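Text of the file my_file.csv, holding CSV, C-alpha atoms:
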chain,number,residue,atom,x,y,z
A,115,MET,CA,-51.1,-69.1,-1.9
A,116,VAL,CA,-52.6,-65.7,-2.4
A,117,GLU,CA,-49.5,-64.0,-1.2
A,118,SER,CA,-47.3,-66.3,-3.3
A,119,ALA,CA,-49.1,-66.4,-6.6
A,120,GLY,CA,-49.6,-62.7,-7.2
A,121,THR,CA,-52.6,-61.4,-8.9
A,122,THR,CA,-53.9,-64.6,-10.5
A,123,LEU,CA,-54.6,-67.9,-8.8
A,124,GLN,CA,-54.7,-69.8,-12.1
A,125,SER,CA,-52.3,-72.7,-12.2
A,126,GLY,CA,-52.0,-73.4,-16.0
A,127,LEU,CA,-51.4,-70.4,-18.3
A,128,PHE,CA,-52.7,-70.9,-21.8
A,129,LYS,CA,-50.3,-69.9,-24.6
A,130,GLN,CA,-50.9,-69.6,-28.4
A,131,THR,CA,-48.1,-71.8,-29.6
A,132,ALA,CA,-45.9,-74.6,-28.3
A,133,THR,CA,-42.8,-72.4,-28.2
A,134,ALA,CA,-44.3,-69.1,-27.0
A,135,GLY,CA,-43.3,-67.9,-23.6
A,136,THR,CA,-46.1,-66.5,-21.5
A,137,ASP,CA,-46.9,-64.7,-18.3
A,138,PRO,CA,-50.2,-64.2,-16.4
A,139,GLU,CA,-51.1,-61.0,-18.3
A,140,THR,CA,-50.3,-62.3,-21.8
A,141,SER,CA,-52.2,-65.5,-21.0
A,142,THR,CA,-55.2,-63.6,-19.7
A,143,ARG,CA,-55.4,-61.4,-22.8
A,144,TYR,CA,-55.4,-64.6,-24.9
A,145,LEU,CA,-58.1,-66.1,-22.7
A,146,ALA,CA,-60.2,-62.9,-23.1
A,147,GLU,CA,-59.9,-63.2,-26.9
A,148,LEU,CA,-60.9,-66.9,-26.8
A,149,ALA,CA,-63.9,-65.8,-24.6
A,150,GLY,CA,-65.0,-63.3,-27.2
A,151,ILE,CA,-64.5,-60.2,-25.1
A,152,THR,CA,-64.4,-57.1,-27.3
A,153,PRO,CA,-64.2,-53.4,-26.6
A,154,GLY,CA,-67.3,-52.3,-24.7
A,155,SER,CA,-68.2,-55.8,-23.4
A,156,HIS,CA,-69.9,-56.1,-20.0
A,157,VAL,CA,-68.2,-59.2,-18.5
A,158,LEU,CA,-68.9,-61.3,-15.5
A,159,ASP,CA,-65.8,-62.9,-14.0
A,160,ALA,CA,-67.4,-65.7,-12.0
A,161,GLY,CA,-64.8,-66.8,-9.5
A,162,CYS,CA,-62.7,-63.7,-9.9
A,163,GLY,CA,-60.0,-64.6,-7.3
A,164,VAL,CA,-57.9,-61.6,-6.3
A,165,GLY,CA,-58.8,-59.7,-9.4
A,166,GLY,CA,-55.6,-59.9,-11.5
A,167,PRO,CA,-57.3,-61.1,-14.7
A,168,ALA,CA,-60.1,-58.5,-14.5
A,169,VAL,CA,-57.5,-55.7,-14.2
A,170,THR,CA,-55.5,-57.2,-17.2
A,171,ILE,CA,-58.7,-57.4,-19.3
A,172,VAL,CA,-60.0,-53.9,-18.7
A,173,ARG,CA,-56.5,-52.5,-19.5
A,174,ALA,CA,-56.4,-54.5,-22.8
A,175,PHE,CA,-59.9,-53.8,-24.0
A,176,PRO,CA,-61.3,-50.2,-24.1
A,177,ASP,CA,-64.6,-49.6,-22.4
A,178,VAL,CA,-64.9,-53.1,-21.0
A,179,VAL,CA,-66.6,-53.2,-17.6
A,180,ILE,CA,-66.3,-56.2,-15.4
A,181,ASP,CA,-68.3,-57.5,-12.4
A,182,GLY,CA,-66.2,-60.0,-10.5
A,183,VAL,CA,-67.7,-62.5,-8.0
A,184,THR,CA,-65.9,-64.4,-5.3
A,185,ILE,CA,-67.2,-66.3,-2.3
A,186,SER,CA,-64.0,-65.7,-0.4
A,187,GLU,CA,-63.9,-62.6,1.8
A,188,VAL,CA,-60.1,-62.6,1.7
A,189,GLN,CA,-60.1,-62.7,-2.1
A,190,ALA,CA,-62.8,-60.0,-2.3
A,191,ARG,CA,-60.8,-57.7,0.0
A,192,MET,CA,-57.6,-58.2,-2.0
A,193,ALA,CA,-59.3,-57.8,-5.3
A,194,ARG,CA,-60.9,-54.5,-4.2
A,195,ARG,CA,-57.6,-53.2,-3.1
A,196,LEU,CA,-55.9,-54.3,-6.3
A,197,VAL,CA,-58.7,-52.6,-8.4
A,198,THR,CA,-58.5,-49.4,-6.3
A,199,GLU,CA,-54.7,-49.2,-6.5
A,200,ALA,CA,-54.9,-49.7,-10.3
A,201,GLY,CA,-57.3,-46.8,-10.5
A,202,LEU,CA,-60.0,-49.0,-12.1
A,203,ALA,CA,-62.8,-48.9,-9.6
A,204,ASN,CA,-65.0,-47.2,-12.2
A,205,ARG,CA,-64.7,-50.3,-14.5
A,206,ILE,CA,-64.3,-53.2,-12.1
A,207,ARG,CA,-66.7,-54.1,-9.3
A,208,VAL,CA,-66.0,-56.9,-6.9
A,209,HIS,CA,-68.9,-58.7,-5.3
A,210,LEU,CA,-68.9,-61.1,-2.4
A,211,ALA,CA,-71.4,-63.7,-3.5
A,212,ASP,CA,-72.1,-67.4,-4.3
A,213,PHE,CA,-71.8,-67.8,-8.1
A,214,HIS,CA,-74.8,-70.2,-8.0
A,215,ARG,CA,-77.0,-67.3,-6.9
A,216,LEU,CA,-75.7,-64.2,-8.6
A,217,PRO,CA,-76.8,-60.7,-7.4
A,218,PHE,CA,-77.5,-59.5,-10.9
A,219,ARG,CA,-80.6,-58.9,-13.0
A,220,ALA,CA,-81.3,-61.2,-16.0
A,221,GLU,CA,-79.6,-60.6,-19.4
A,222,LEU,CA,-77.1,-58.1,-18.0
A,223,PHE,CA,-73.8,-59.4,-19.4
A,224,ASP,CA,-72.3,-60.0,-22.8
A,225,VAL,CA,-69.7,-62.5,-21.7
A,226,VAL,CA,-69.4,-64.8,-18.6
A,227,VAL,CA,-66.0,-66.3,-17.9
A,228,TYR,CA,-64.9,-68.9,-15.4
A,229,PHE,CA,-61.1,-69.1,-15.2
A,230,GLU,CA,-60.3,-72.3,-13.1
A,231,ALA,CA,-63.4,-71.8,-11.1
A,232,ILE,CA,-66.0,-74.4,-11.9
A,233,GLY,CA,-64.4,-77.1,-9.8
A,234,HIS,CA,-65.7,-75.2,-6.7
A,235,SER,CA,-69.3,-75.6,-7.9
A,236,TRP,CA,-71.5,-78.1,-6.0
A,237,ASP,CA,-74.0,-78.2,-9.0
A,238,ARG,CA,-72.7,-77.4,-12.4
A,239,VAL,CA,-76.0,-77.5,-14.2
A,240,ALA,CA,-77.3,-75.0,-11.7
A,241,LEU,CA,-74.2,-72.9,-12.1
A,242,PHE,CA,-74.5,-72.7,-15.9
A,243,ARG,CA,-78.3,-72.1,-15.7
A,244,GLU,CA,-77.4,-69.1,-13.5
A,245,SER,CA,-74.9,-68.0,-16.2
A,246,ALA,CA,-77.5,-68.3,-18.8
A,247,ARG,CA,-79.9,-66.2,-16.7
A,248,VAL,CA,-77.6,-63.3,-16.5
A,249,LEU,CA,-76.3,-63.4,-20.1
A,250,ARG,CA,-78.1,-61.6,-22.8
A,251,PRO,CA,-79.4,-63.7,-25.8
A,252,GLY,CA,-76.4,-64.3,-28.0
A,253,GLY,CA,-74.0,-63.7,-25.1
A,254,ARG,CA,-70.9,-65.9,-24.7
A,255,LEU,CA,-69.9,-68.4,-22.0
A,256,TYR,CA,-66.3,-69.3,-21.6
A,257,VAL,CA,-64.9,-71.9,-19.2
A,258,LYS,CA,-61.2,-72.6,-18.8
A,259,ASP,CA,-60.2,-75.3,-16.3
A,260,LEU,CA,-58.3,-78.4,-15.5
A,261,PHE,CA,-60.5,-81.4,-16.4
A,262,ARG,CA,-60.4,-85.0,-15.2
A,263,TRP,CA,-59.5,-87.4,-17.9
A,264,GLU,CA,-62.3,-89.2,-19.6
A,265,GLY,CA,-62.9,-92.9,-19.2
A,266,PRO,CA,-62.3,-95.2,-16.3
A,267,LEU,CA,-59.3,-94.4,-14.0
A,268,THR,CA,-57.1,-96.8,-12.3
A,269,ASP,CA,-57.2,-97.0,-8.5
A,270,SER,CA,-54.0,-95.1,-8.3
A,271,GLN,CA,-55.4,-92.4,-10.6
A,272,ARG,CA,-58.6,-92.2,-8.6
A,273,ARG,CA,-56.6,-91.7,-5.4
A,274,SER,CA,-54.5,-89.0,-7.1
A,275,MET,CA,-57.6,-87.2,-8.3
A,276,LYS,CA,-59.2,-87.4,-4.9
A,277,SER,CA,-56.1,-85.9,-3.3
A,278,PHE,CA,-56.0,-83.1,-5.9
A,279,ASP,CA,-59.6,-82.3,-5.3
A,280,GLU,CA,-59.1,-82.2,-1.5
A,281,VAL,CA,-56.0,-80.0,-1.7
A,282,TRP,CA,-57.9,-77.5,-3.9
A,283,ALA,CA,-61.3,-77.7,-2.1
A,284,ILE,CA,-62.9,-79.0,-5.2
A,285,SER,CA,-66.1,-81.0,-4.9
A,286,SER,CA,-65.3,-83.3,-7.7
A,287,SER,CA,-63.2,-82.4,-10.8
A,288,PRO,CA,-65.4,-82.8,-13.9
A,289,THR,CA,-64.4,-84.2,-17.2
A,290,LEU,CA,-64.5,-82.0,-20.3
A,291,SER,CA,-67.5,-84.0,-21.6
A,292,GLU,CA,-69.4,-83.7,-18.3
A,293,THR,CA,-68.8,-80.0,-18.4
A,294,GLU,CA,-70.0,-79.8,-22.0
A,295,GLN,CA,-73.1,-81.8,-21.1
A,296,ALA,CA,-73.9,-79.6,-18.1
A,297,ILE,CA,-73.6,-76.5,-20.3
A,298,ARG,CA,-76.0,-78.0,-22.9
A,299,ILE,CA,-78.5,-79.0,-20.3
A,300,ALA,CA,-78.4,-75.4,-19.0
A,301,GLY,CA,-79.6,-74.3,-22.3
A,302,PHE,CA,-76.6,-73.1,-24.2
A,303,CYS,CA,-76.0,-73.8,-27.9
A,304,ASP,CA,-72.9,-73.8,-30.2
A,305,VAL,CA,-71.0,-75.6,-27.4
A,306,GLU,CA,-67.3,-76.3,-28.3
A,307,ALA,CA,-65.1,-78.2,-25.9
A,308,ARG,CA,-61.4,-79.1,-26.4
A,309,GLU,CA,-58.2,-79.8,-24.5
A,310,HIS,CA,-55.8,-76.9,-24.9
A,311,PRO,CA,-52.5,-78.1,-26.3
A,312,TYR,CA,-50.2,-75.3,-25.0
A,313,ILE,CA,-49.9,-74.8,-21.3
A,314,ASP,CA,-47.3,-73.1,-19.1
A,315,LEU,CA,-47.1,-74.0,-15.4
A,316,ARG,CA,-43.9,-71.9,-14.7
A,317,HIS,CA,-45.8,-69.2,-12.9
A,318,PHE,CA,-47.6,-71.8,-10.7
A,319,PHE,CA,-44.4,-73.6,-9.7
A,320,GLU,CA,-42.5,-70.4,-9.2
A,321,SER,CA,-45.1,-69.3,-6.7
A,322,MET,CA,-44.2,-72.3,-4.5
A,323,VAL,CA,-40.6,-71.1,-3.9
A,324,SER,CA,-38.6,-68.3,-2.4
A,325,ARG,CA,-35.3,-67.5,-4.0
A,326,ASP,CA,-32.1,-65.9,-2.7
A,327,ALA,CA,-28.5,-66.0,-3.9
A,328,ALA,CA,-28.0,-69.4,-2.5
A,329,GLY,CA,-30.8,-71.1,-4.3
A,330,ILE,CA,-34.5,-72.2,-3.9
A,331,ARG,CA,-36.5,-72.9,-0.8
A,332,LEU,CA,-40.2,-74.0,-0.6
A,333,ASN,CA,-42.4,-71.2,0.7
A,334,ASP,CA,-45.6,-71.9,2.7
A,335,PHE,CA,-47.6,-72.6,-0.4
A,336,GLY,CA,-45.0,-75.0,-1.7
A,337,GLU,CA,-44.9,-76.7,1.7
A,338,ALA,CA,-48.7,-77.1,1.6
A,339,PHE,CA,-49.0,-78.2,-1.9
A,340,LEU,CA,-45.9,-79.9,-3.2
A,341,ARG,CA,-45.8,-82.5,-0.5
A,342,PHE,CA,-49.2,-83.7,-1.4
A,343,TYR,CA,-48.5,-83.5,-5.1
A,344,PRO,CA,-50.8,-86.2,-6.5
A,345,ASN,CA,-50.0,-86.1,-10.2
A,346,PRO,CA,-53.7,-86.0,-11.1
A,347,PRO,CA,-55.0,-87.6,-14.2
A,348,ALA,CA,-56.3,-84.3,-15.7
A,349,SER,CA,-55.6,-81.9,-18.6
A,350,PHE,CA,-56.3,-78.3,-19.2
A,351,GLY,CA,-59.0,-77.3,-21.7
A,352,ASP,CA,-61.8,-74.9,-22.4
A,353,VAL,CA,-65.4,-74.8,-23.4
A,354,LYS,CA,-67.2,-72.0,-25.3
A,355,ALA,CA,-70.9,-71.7,-25.7
A,356,THR,CA,-73.6,-69.2,-26.8
A,357,ARG,CA,-76.7,-68.2,-24.8
B,198,MET,CA,-20.7,-90.2,-12.3
B,199,SER,CA,-24.3,-90.2,-13.5
B,200,GLU,CA,-25.0,-91.2,-17.1
B,201,GLY,CA,-28.2,-89.2,-17.0
B,202,PRO,CA,-29.2,-85.9,-18.7
B,203,GLU,CA,-26.7,-83.2,-19.2
B,204,TYR,CA,-27.4,-81.4,-16.0
B,205,PHE,CA,-26.6,-84.6,-14.1
B,206,ALA,CA,-23.6,-85.5,-16.2
B,207,ASN,CA,-21.1,-84.6,-13.4
B,208,ILE,CA,-23.4,-85.3,-10.4
B,209,GLN,CA,-22.7,-88.5,-8.6
B,210,GLU,CA,-25.3,-91.2,-9.5
B,211,GLU,CA,-26.2,-92.0,-5.9
B,212,LEU,CA,-27.1,-88.3,-5.3
B,213,VAL,CA,-29.3,-88.3,-8.3
B,214,ARG,CA,-31.0,-91.6,-7.3
B,215,ARG,CA,-31.7,-90.3,-3.8
B,216,ALA,CA,-33.1,-87.0,-5.2
B,217,ARG,CA,-35.3,-88.9,-7.6
B,218,GLY,CA,-37.2,-90.6,-4.8
B,219,ASP,CA,-37.0,-88.0,-2.1
B,220,LEU,CA,-38.5,-84.5,-2.5
B,221,ASP,CA,-36.9,-83.2,0.7
B,222,PHE,CA,-33.5,-84.3,-0.4
B,223,THR,CA,-34.0,-82.7,-3.8
B,224,LEU,CA,-35.0,-79.4,-2.1
B,225,ARG,CA,-31.9,-79.6,0.2
B,226,LEU,CA,-29.7,-79.9,-2.9
B,227,LEU,CA,-31.3,-76.8,-4.4
B,228,HIS,CA,-30.1,-74.5,-1.6
B,229,ARG,CA,-26.5,-74.0,-0.6
B,230,GLU,CA,-27.2,-73.7,3.1
B,231,SER,CA,-28.6,-77.3,3.3
B,232,ARG,CA,-26.7,-78.7,0.3
B,233,GLU,CA,-23.5,-79.7,1.9
B,234,ASP,CA,-25.0,-81.7,4.7
B,235,ALA,CA,-27.2,-83.5,2.1
B,236,ILE,CA,-24.2,-84.3,0.0
B,237,ARG,CA,-22.1,-85.5,2.9
B,238,GLU,CA,-24.9,-87.9,3.9
B,239,VAL,CA,-24.4,-89.7,0.7
B,240,HIS,CA,-20.7,-89.0,-0.1
B,241,PRO,CA,-18.8,-88.2,3.1
B,242,LYS,CA,-15.4,-88.3,1.5
B,243,LEU,CA,-15.6,-86.0,-1.5
B,244,SER,CA,-12.6,-83.8,-2.2
B,245,GLY,CA,-12.7,-80.0,-2.1
B,246,ASN,CA,-12.5,-80.0,-5.9
B,247,GLN,CA,-15.2,-82.5,-6.3
B,248,LEU,CA,-17.4,-80.5,-3.9
B,249,SER,CA,-16.8,-77.3,-5.8
B,250,GLU,CA,-17.7,-78.9,-9.1
B,251,LEU,CA,-20.8,-80.4,-7.6
B,252,HIS,CA,-21.9,-77.0,-6.2
B,253,ALA,CA,-21.5,-75.5,-9.6
B,254,ARG,CA,-23.7,-78.1,-11.2
B,255,LEU,CA,-26.4,-77.9,-8.6
B,256,ASP,CA,-26.3,-74.1,-8.7
B,257,ASP,CA,-27.1,-74.4,-12.4
B,258,VAL,CA,-30.2,-76.5,-11.6
B,259,ALA,CA,-31.2,-74.2,-8.7
B,260,ASN,CA,-31.0,-71.2,-11.0
B,261,MET,CA,-33.5,-72.6,-13.4
B,262,SER,CA,-37.2,-72.0,-13.1
B,263,PHE,CA,-38.5,-74.2,-10.3
B,264,GLN,CA,-40.6,-76.1,-12.9
B,265,ASP,CA,-37.5,-76.7,-15.0
B,266,ALA,CA,-35.6,-77.9,-11.9
B,267,LEU,CA,-38.3,-80.3,-11.1
B,268,GLU,CA,-38.5,-81.4,-14.7
B,269,ARG,CA,-34.8,-82.3,-14.6
B,270,PHE,CA,-35.6,-84.7,-11.8
B,271,ARG,CA,-38.8,-85.8,-13.5
B,272,ASP,CA,-36.7,-87.0,-16.4
B,273,LEU,CA,-35.6,-89.5,-13.8
B,274,ASN,CA,-39.1,-90.4,-12.9
B,275,PHE,CA,-39.8,-87.7,-10.4
B,276,GLY,CA,-42.1,-84.8,-10.9
B,277,PRO,CA,-45.4,-83.1,-11.4
B,278,PHE,CA,-48.1,-83.2,-14.1
B,279,ILE,CA,-47.1,-81.4,-17.2
What's the C-alpha cells form of this structure?
Amino acid sequence: MVESAGTTLQSGLFKQTATAGTDPETSTRYLAELAGITPGSHVLDAGCGVGGPAVTIVRAFPDVVIDGVTISEVQARMARRLVTEAGLANRIRVHLADFHRLPFRAELFDVVVYFEAIGHSWDRVALFRESARVLRPGGRLYVKDLFRWEGPLTDSQRRSMKSFDEVWAISSSPTLSETEQAIRIAGFCDVEAREHPYIDLRHFFESMVSRDAAGIRLNDFGEAFLRFYPNPPASFGDVKATR
Amino acid sequence: MSEGPEYFANIQEELVRRARGDLDFTLRLLHRESREDAIREVHPKLSGNQLSELHARLDDVANMSFQDALERFRDLNFGPFI
C-alpha cells in the first residue's frame, strides 16, 4: 500500500463542501486548520505514516515544526527519506516509537494530531493520557478517523467490521462517542465530536489500480484489499479537544 | 440492452448482471486485454459492430476514476462504502 498510496496513507480525504474536489495536500491543509495549527506551532503527528501530511503542513504554515511518530520501521525510513528529499529535515523529525509511550518531555507540543491512527491503539485512554502529558496547557488535540457506527450492529455488520479491522490491523474500531469519552477520561476539556459530512475516497481507490492505455488493473494493494472489501458500518469524523 | 444508468444504456443486460455480482468479472471488463474473453463468455455471438460499440462504452467506464467506475456498478448494488 505504501508504494501505491503515495505520501499519505489516509483513506478518506476531508473536503470543505460537498462539491469541492480535493487531493491529499488540500485535504491535509484543511485538517491542519481544523486542528488549530497556526504559524509557529510545534506539532506532534502521532502515527505519521510515510510523512506526506507533515511535509504538506510545514510547507503551508510558516515556522511550524513537526515531530512525527510511527511504530513501523518501513514507514519511518520512507518518511525520513521524503523529509530529506523535501529539504525539510530542519523542521520535521521522524521518530520510531510507540505512541502510547512517547519519547518527549511533558508539555512540549502546541498541537497533537492523529490522522487515521487511533485504530491502532490497544488502549485509547492511555493513548490520550500520553497526548495530554506532552501537550502544553491550552494545547489542542485533533483526531480524524473512521468510526464504527453507534448502537447495536446486525450480525452481518459485525462481521464486516471485524473483517475491516483485521485487514487494517486495527484492534477494534471505536465509535465516535467511545473516542470522545476516552478523551474526556484522559483529562481533556472542550471536547467536540462530529461526523464529517464531506469525504472523498478517490485517492484511496485510485491507489488500488494501475492504469495503462487499455484500462484498469488491480495492483497489489487492490488485490489485497478489494477482495476482502467488507463494506464496514463506519463513518468518517473528527474530535477536537483542549488540554 | 440494459435499462440501467446511462453508462450501461448500451451494455447488454446479462453483462451488467454478471458484473454486479462478480468483482473479477467487473475487473476483466475494465481492461481491454481481458475484456473480449469476458464478453465472449456471456455473449459468444456478438457482431463486430456490437463488439466495437461495447468496447467504447466500457472504455468510458474504465477511463473514469476507479471509485466512479465502482460506483457505476454500485448503482446496481455492487460497491464500497461511500
Which residues of chain A come within 7 Å of chain B, and what is each one's closest atom pair and distance in Å (one decimal), counting all atoms listed in the file, sorted by chain and residue number, as CSV?
residue,atom,partner,partner_atom,distance
A:Arg316,CA,B:Gln264,CA,5.6
A:Phe319,CA,B:Gln264,CA,5.6
A:Glu320,CA,B:Phe263,CA,5.6
A:Ala328,CA,B:Arg229,CA,5.2
A:Gly329,CA,B:His228,CA,4.4
A:Ile330,CA,B:His228,CA,5.5
A:Arg331,CA,B:His228,CA,6.6
A:Asn345,CA,B:Phe278,CA,5.2
A:Pro346,CA,B:Phe278,CA,6.9
| request: Report the distance between CA of Ile284 (chain A) and CA of Pro217 (chain A) in Å, rounded to one decimal place. | output: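 Computing it gives 23.1 Å between the two atoms.
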| note | CA of Ala168 (chain A) sits from CA of Gly182 (chain A) at a separation of 7.4 Å
| request: Could you pull out every residue with an atom within 6 Å of (-44.6, -75.4, -4.5), file coordinates, counting all atoms listed in the file, and send them as a list in words? | output: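 With a cut-off of 6 Å, the residues come to Phe319, Met322, Val323, Phe335, Gly336, Phe339 and Leu340 of chain A.
Between Pro241 (chain B) and the residues B:Thr223, B:Arg254, B:Glu268, B:Leu212, the shortest atom-to-atom distance, using all atoms listed in the file, involves B:Leu212.
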| task | Find the residues around Asp137 (chain A) up to 9 Å (all atoms listed in the file counted), leave out those fewer than 3 positions away in its own chain, and share them as a PyMOL selection string. | result | chain A and resi 127+129+140-142+314+316-317
Could you name the residues that touch Pro167 (chain A) at 12 Å or less, counting all atoms listed in the file, but leaving out those on the same chain fewer than 5 positions away, as an mmCIF file with C-alpha atoms, in the coordinates of the input?
data_model
loop_
_atom_site.group_PDB
_atom_site.id
_atom_site.type_symbol
_atom_site.label_atom_id
_atom_site.label_comp_id
_atom_site.auth_asym_id
_atom_site.auth_seq_id
_atom_site.Cartn_x
_atom_site.Cartn_y
_atom_site.Cartn_z
ATOM 1 C CA GLY A 120 -49.600 -62.700 -7.200
ATOM 2 C CA THR A 121 -52.600 -61.400 -8.900
ATOM 3 C CA THR A 122 -53.900 -64.600 -10.500
ATOM 4 C CA LEU A 123 -54.600 -67.900 -8.800
ATOM 5 C CA GLN A 124 -54.700 -69.800 -12.100
ATOM 6 C CA LEU A 127 -51.400 -70.400 -18.300
ATOM 7 C CA ASP A 137 -46.900 -64.700 -18.300
ATOM 8 C CA PRO A 138 -50.200 -64.200 -16.400
ATOM 9 C CA GLU A 139 -51.100 -61.000 -18.300
ATOM 10 C CA THR A 140 -50.300 -62.300 -21.800
ATOM 11 C CA SER A 141 -52.200 -65.500 -21.000
ATOM 12 C CA THR A 142 -55.200 -63.600 -19.700
ATOM 13 C CA ARG A 143 -55.400 -61.400 -22.800
ATOM 14 C CA TYR A 144 -55.400 -64.600 -24.900
ATOM 15 C CA LEU A 145 -58.100 -66.100 -22.700
ATOM 16 C CA ALA A 146 -60.200 -62.900 -23.100
ATOM 17 C CA VAL A 157 -68.200 -59.200 -18.500
ATOM 18 C CA LEU A 158 -68.900 -61.300 -15.500
ATOM 19 C CA ASP A 159 -65.800 -62.900 -14.000
ATOM 20 C CA ALA A 160 -67.400 -65.700 -12.000
ATOM 21 C CA GLY A 161 -64.800 -66.800 -9.500
ATOM 22 C CA CYS A 162 -62.700 -63.700 -9.900
ATOM 23 C CA VAL A 172 -60.000 -53.900 -18.700
ATOM 24 C CA ARG A 173 -56.500 -52.500 -19.500
ATOM 25 C CA ALA A 174 -56.400 -54.500 -22.800
ATOM 26 C CA ILE A 180 -66.300 -56.200 -15.400
ATOM 27 C CA ASP A 181 -68.300 -57.500 -12.400
ATOM 28 C CA GLY A 182 -66.200 -60.000 -10.500
ATOM 29 C CA ALA A 193 -59.300 -57.800 -5.300
ATOM 30 C CA LEU A 196 -55.900 -54.300 -6.300
ATOM 31 C CA VAL A 197 -58.700 -52.600 -8.400
ATOM 32 C CA ILE A 206 -64.300 -53.200 -12.100
ATOM 33 C CA VAL A 227 -66.000 -66.300 -17.900
ATOM 34 C CA TYR A 228 -64.900 -68.900 -15.400
ATOM 35 C CA PHE A 229 -61.100 -69.100 -15.200
ATOM 36 C CA GLU A 230 -60.300 -72.300 -13.100
#
| query | Just how far from CA of Ala338 (chain A) is CA of Arg195 (chain A), in Å to one decimal? | reply | 25.9 Å
Subset file as a PDB file, in the first residue's frame: region 207-221 of chain A, N, CA and C atoms:
ATOM      1  N   ARG A 207      11.027  16.017  12.240  1.00  0.00           N
ATOM      2  CA  ARG A 207      11.822  14.897  12.758  1.00  0.00           C
ATOM      3  C   ARG A 207      10.912  13.682  12.845  1.00  0.00           C
ATOM      4  N   VAL A 208      11.423  12.557  12.423  1.00  0.00           N
ATOM      5  CA  VAL A 208      10.623  11.328  12.437  1.00  0.00           C
ATOM      6  C   VAL A 208      11.206  10.379  13.485  1.00  0.00           C
ATOM      7  N   HIS A 209      10.341   9.889  14.365  1.00  0.00           N
ATOM      8  CA  HIS A 209      10.776   9.025  15.467  1.00  0.00           C
ATOM      9  C   HIS A 209      10.137   7.647  15.331  1.00  0.00           C
ATOM     10  N   LEU A 210      10.940   6.637  15.547  1.00  0.00           N
ATOM     11  CA  LEU A 210      10.420   5.274  15.593  1.00  0.00           C
ATOM     12  C   LEU A 210      10.050   4.996  17.046  1.00  0.00           C
ATOM     13  N   ALA A 211       8.751   4.986  17.344  1.00  0.00           N
ATOM     14  CA  ALA A 211       8.334   4.849  18.746  1.00  0.00           C
ATOM     15  C   ALA A 211       6.875   4.413  18.818  1.00  0.00           C
ATOM     16  N   ASP A 212       6.504   3.909  19.983  1.00  0.00           N
ATOM     17  CA  ASP A 212       5.123   3.545  20.293  1.00  0.00           C
ATOM     18  C   ASP A 212       4.405   4.807  20.771  1.00  0.00           C
ATOM     19  N   PHE A 213       3.295   5.154  20.131  1.00  0.00           N
ATOM     20  CA  PHE A 213       2.663   6.423  20.529  1.00  0.00           C
ATOM     21  C   PHE A 213       1.949   6.355  21.880  1.00  0.00           C
ATOM     22  N   HIS A 214       1.960   5.199  22.520  1.00  0.00           N
ATOM     23  CA  HIS A 214       1.493   5.142  23.904  1.00  0.00           C
ATOM     24  C   HIS A 214       2.593   5.554  24.889  1.00  0.00           C
ATOM     25  N   ARG A 215       3.840   5.519  24.415  1.00  0.00           N
ATOM     26  CA  ARG A 215       4.974   5.861  25.287  1.00  0.00           C
ATOM     27  C   ARG A 215       5.897   6.780  24.496  1.00  0.00           C
ATOM     28  N   LEU A 216       5.525   8.034  24.455  1.00  0.00           N
ATOM     29  CA  LEU A 216       6.219   8.985  23.584  1.00  0.00           C
ATOM     30  C   LEU A 216       7.580   9.395  24.149  1.00  0.00           C
ATOM     31  N   PRO A 217       8.552   9.535  23.278  1.00  0.00           N
ATOM     32  CA  PRO A 217       9.908   9.887  23.732  1.00  0.00           C
ATOM     33  C   PRO A 217      10.102  11.403  23.858  1.00  0.00           C
ATOM     34  N   PHE A 218       9.128  12.077  24.483  1.00  0.00           N
ATOM     35  CA  PHE A 218       9.196  13.531  24.591  1.00  0.00           C
ATOM     36  C   PHE A 218       8.920  13.955  26.030  1.00  0.00           C
ATOM     37  N   ARG A 219       9.462  15.109  26.388  1.00  0.00           N
ATOM     38  CA  ARG A 219       9.208  15.642  27.732  1.00  0.00           C
ATOM     39  C   ARG A 219       7.772  16.162  27.816  1.00  0.00           C
ATOM     40  N   ALA A 220       7.311  16.397  29.016  1.00  0.00           N
ATOM     41  CA  ALA A 220       5.948  16.899  29.223  1.00  0.00           C
ATOM     42  C   ALA A 220       5.808  18.325  28.680  1.00  0.00           C
ATOM     43  N   GLU A 221       4.592  18.628  28.224  1.00  0.00           N
ATOM     44  CA  GLU A 221       4.187  19.992  27.835  1.00  0.00           C
ATOM     45  C   GLU A 221       5.056  20.571  26.716  1.00  0.00           C
TER      46      GLU A 221
END
